[in-house]
Amino acid sequence: MNDKSVITGKTRIYGILGCPVTHSLSPVMQNAALHEAAVDAIYVPFCVEPDQLSAALSGLRALGVCGFNVTIPHKTVIMPLLDKLAPSAVQAGAVNTVVNQGGQLIGHNTDGDGLVRSLVKDLNCDVGGSKVVLVGAGGAARGALVALCRAGVKSVVVLNRTVAVAEGLIGSFRSSFPQIMLHGTALDGQSGQLVSDADLLINATSLGMAGEKIDGLTLALLPDHAKVYDMVYNPPLTPLLLDARNRGLQAANGLGMLVAQGELAFSLWHGIAPANDIMQKALSAFFNAAKA
């Protein structure tokens with residue numbers, strides 16, 4: 001579609017399901033990629049209340065919506081409502097991308113692989129053989145853990161406020177990745193020593209979005225070569241990243257992960273990769289306009 005303002009009866013529809021969804025940046029970057037690739041399609045946000053998810057899926061299927069992303073709070077609860085799940089979604093225990101294949105809704109997860117791509121691109125960090133500290137044990141952490149294990153890390157220590165949750169997450173993967181040392185423990189004042197041997201520290205929680213620090217976490221004992229990745233991308237400089245900068249450590253926020261998972265979703269839907277860096281450029285332009 002050369003003129004993205006022209007919508008016809010042939011225009012295919014894609015979107016994102018969430019609640020709320022007005023904050024989502026996916027329409028910005030997906031529509032830019034569609035326009036650049038001259039694909040006759042449009043990507044729109046769908047705000048779906050939790051108790052309306054099943055009805056929404058029936059409606060999307062009936063309307064022939066070709067695919068959509070899934071965000072909070074639907075990533076896990078949507079799984080039994082779909083027709084099929086790709087291995088990426090089964091392992092991650094969550095869905096962030098759905099493909100409508102001939103009326104069948106197939107769930108995928110591109111979050112974890114998006115993280116690994118971003119680590120390589122934004123931190124020049126190939127995680128193979130590395131020792132990782134992962135903060136958090138929720139859905140984002142699970143997706144990250146799967147991708148890190150598939151990428152061949154040496155070890156992962158999961159730090160979480162509730163030890164039982166961290167241990168439960170680790171326990172669910174030990175049989176799948178017996179060659180990787182996995183350990184779950186409490187995020188508290190005694191956890192500082194656990195980061196002293198890390199090559200990479202990842203925040204997989206939402207802490208930092210409101211400018212708060214992560215209680216119990218200190219970067220003081222991180223090795224000088226270690227790198228820090230915060231999945232939070234708004235604000236772009238979280239307290240964790242500021243601490244990393246003050247330590248002189250290489251660090252990055254989660255904007256690259258957002259872009260990378262979106263690029264992977266685009267490829268699943270359209271069978272082609274988006275133009276190089278088009279999504280990143282669209283987001284940069286969006287943020288620059290917001291500052292003006």
# chains A, B, ... in the order shown; residues from 1 in each chain; ligands from 1
>>> select_by_dssp(residues="region 161-253 of chain A", states="strand (DSSP E)", output="list of chain:residue names")
A:Met181, A:Leu182, A:His183, A:Gly184, A:Thr185, A:Ala186, A:Leu200, A:Leu201, A:Ile202, A:Asn203, A:Lys227, A:Val228, A:Tyr229, A:Asp230, A:Gln250, A:Ala251, A:Ala252
>>> closest_atom_pairs(of="region 153-209 of chain A", to="region 92-112 of chain A", cutoff="12 Å", atoms="only C-alpha atoms", output="CSV")
residue,atom,partner,partner_atom,distance
A:Leu169,CA,A:Gly93,CA,10.8
A:Ser172,CA,A:Gly93,CA,10.7
A:Phe173,CA,A:Ala92,CA,10.3
A:Ala204,CA,A:Gly112,CA,11.0
>>> atom_distance(atom1="CA of Asp224 (chain A)", atom2="CA of Ser196 (chain A)")
9.8 Å
>>> select_by_dssp(residues="region 39-150 of chain A", states="alpha helix (DSSP H)", output="ChimeraX atom specification")
/A:53-63,87-92,111-123,139-150
>>> closest_residue(among="A:Arg117, A:Lys291, A:Arg150, A:Lys227", to="Leu241 (chain A)", atoms="only C-alpha atoms")
A:Lys227
>>> closest_residue(among="A:Ala144, A:Leu57, A:Val70, A:Leu123", to="Leu82 (chain A)", atoms="only C-alpha atoms")
A:Leu57
>>> residues_around(residues="region 155-157 of chain A", least_positions_apart="5", cutoff="12 Å", atoms="only C-alpha atoms", output="JSON, numbers by chain")
{"A": [127, 128, 129, 130, 131, 132, 133, 134, 135, 136, 137, 141, 142, 144, 145, 146, 147, 148, 149, 150, 163, 166, 167, 169, 170, 173, 174, 177, 178, 179, 180, 181, 182, 183, 184, 185, 186, 187, 191, 192, 193, 194, 195, 196, 197, 198, 199, 200, 201, 202]}
>>> closest_residue(among="A:Gly256, A:Pro27, A:Pro20, A:Gly15", to="Pro50 (chain A)", atoms="only C-alpha atoms")
A:Pro20
>>> closest_residue(among="A:Ala38, A:Ala275, A:Ala265, A:Leu237", to="Ile16 (chain A)", atoms="only C-alpha atoms")
A:Ala265
>>> atom_distance(atom1="CA of Ser88 (chain A)", atom2="CA of Val165 (chain A)")
21.6 Å
>>> residues_around(residues="His74 (chain A)", least_positions_apart="6", cutoff="8 Å", atoms="only C-alpha atoms", output="number ranges by chain")
A: 17-18, 50, 53
>>> write_last_selection(atoms="N, CA, C and O atoms", output="PDB file, in the first residue's frame")
ATOM      1  N   LEU A  17      -4.249  -6.564  21.106  1.00  0.00           N
ATOM      2  CA  LEU A  17      -5.263  -6.705  22.144  1.00  0.00           C
ATOM      3  C   LEU A  17      -4.633  -6.436  23.505  1.00  0.00           C
ATOM      4  O   LEU A  17      -3.598  -7.012  23.837  1.00  0.00           O
ATOM      5  N   GLY A  18      -5.255  -5.571  24.273  1.00  0.00           N
ATOM      6  CA  GLY A  18      -4.768  -5.298  25.615  1.00  0.00           C
ATOM      7  C   GLY A  18      -5.787  -4.493  26.387  1.00  0.00           C
ATOM      8  O   GLY A  18      -6.824  -4.100  25.861  1.00  0.00           O
ATOM      9  N   PRO A  50     -10.897  -7.857  30.278  1.00  0.00           N
ATOM     10  CA  PRO A  50     -10.619  -9.275  30.537  1.00  0.00           C
ATOM     11  C   PRO A  50     -11.817 -10.192  30.376  1.00  0.00           C
ATOM     12  O   PRO A  50     -11.697 -11.296  29.825  1.00  0.00           O
ATOM     13  N   LEU A  53     -12.641 -11.205  26.573  1.00  0.00           N
ATOM     14  CA  LEU A  53     -11.598 -11.743  25.701  1.00  0.00           C
ATOM     15  C   LEU A  53     -12.118 -12.838  24.776  1.00  0.00           C
ATOM     16  O   LEU A  53     -11.844 -12.830  23.570  1.00  0.00           O
TER      17      LEU A  53
END
>>> residues_around(residues="Ile272 (chain A)", least_positions_apart="3", cutoff="12 Å", atoms="only C-alpha atoms", output="list in words")
Ala33, Leu34, Ala37, Ala38, Val39, Glu263, Leu264, Ala265, Phe266, Ser267, Leu268, Trp269, Ala275 and Asn276 of chain A
>>> residues_around(residues="Tyr43 (chain A)", least_positions_apart="3", cutoff="12 Å", atoms="only C-alpha atoms", output="ChimeraX atom specification")
/A:4,7,11-17,24-35,39-40,46,65-69,262,266,269
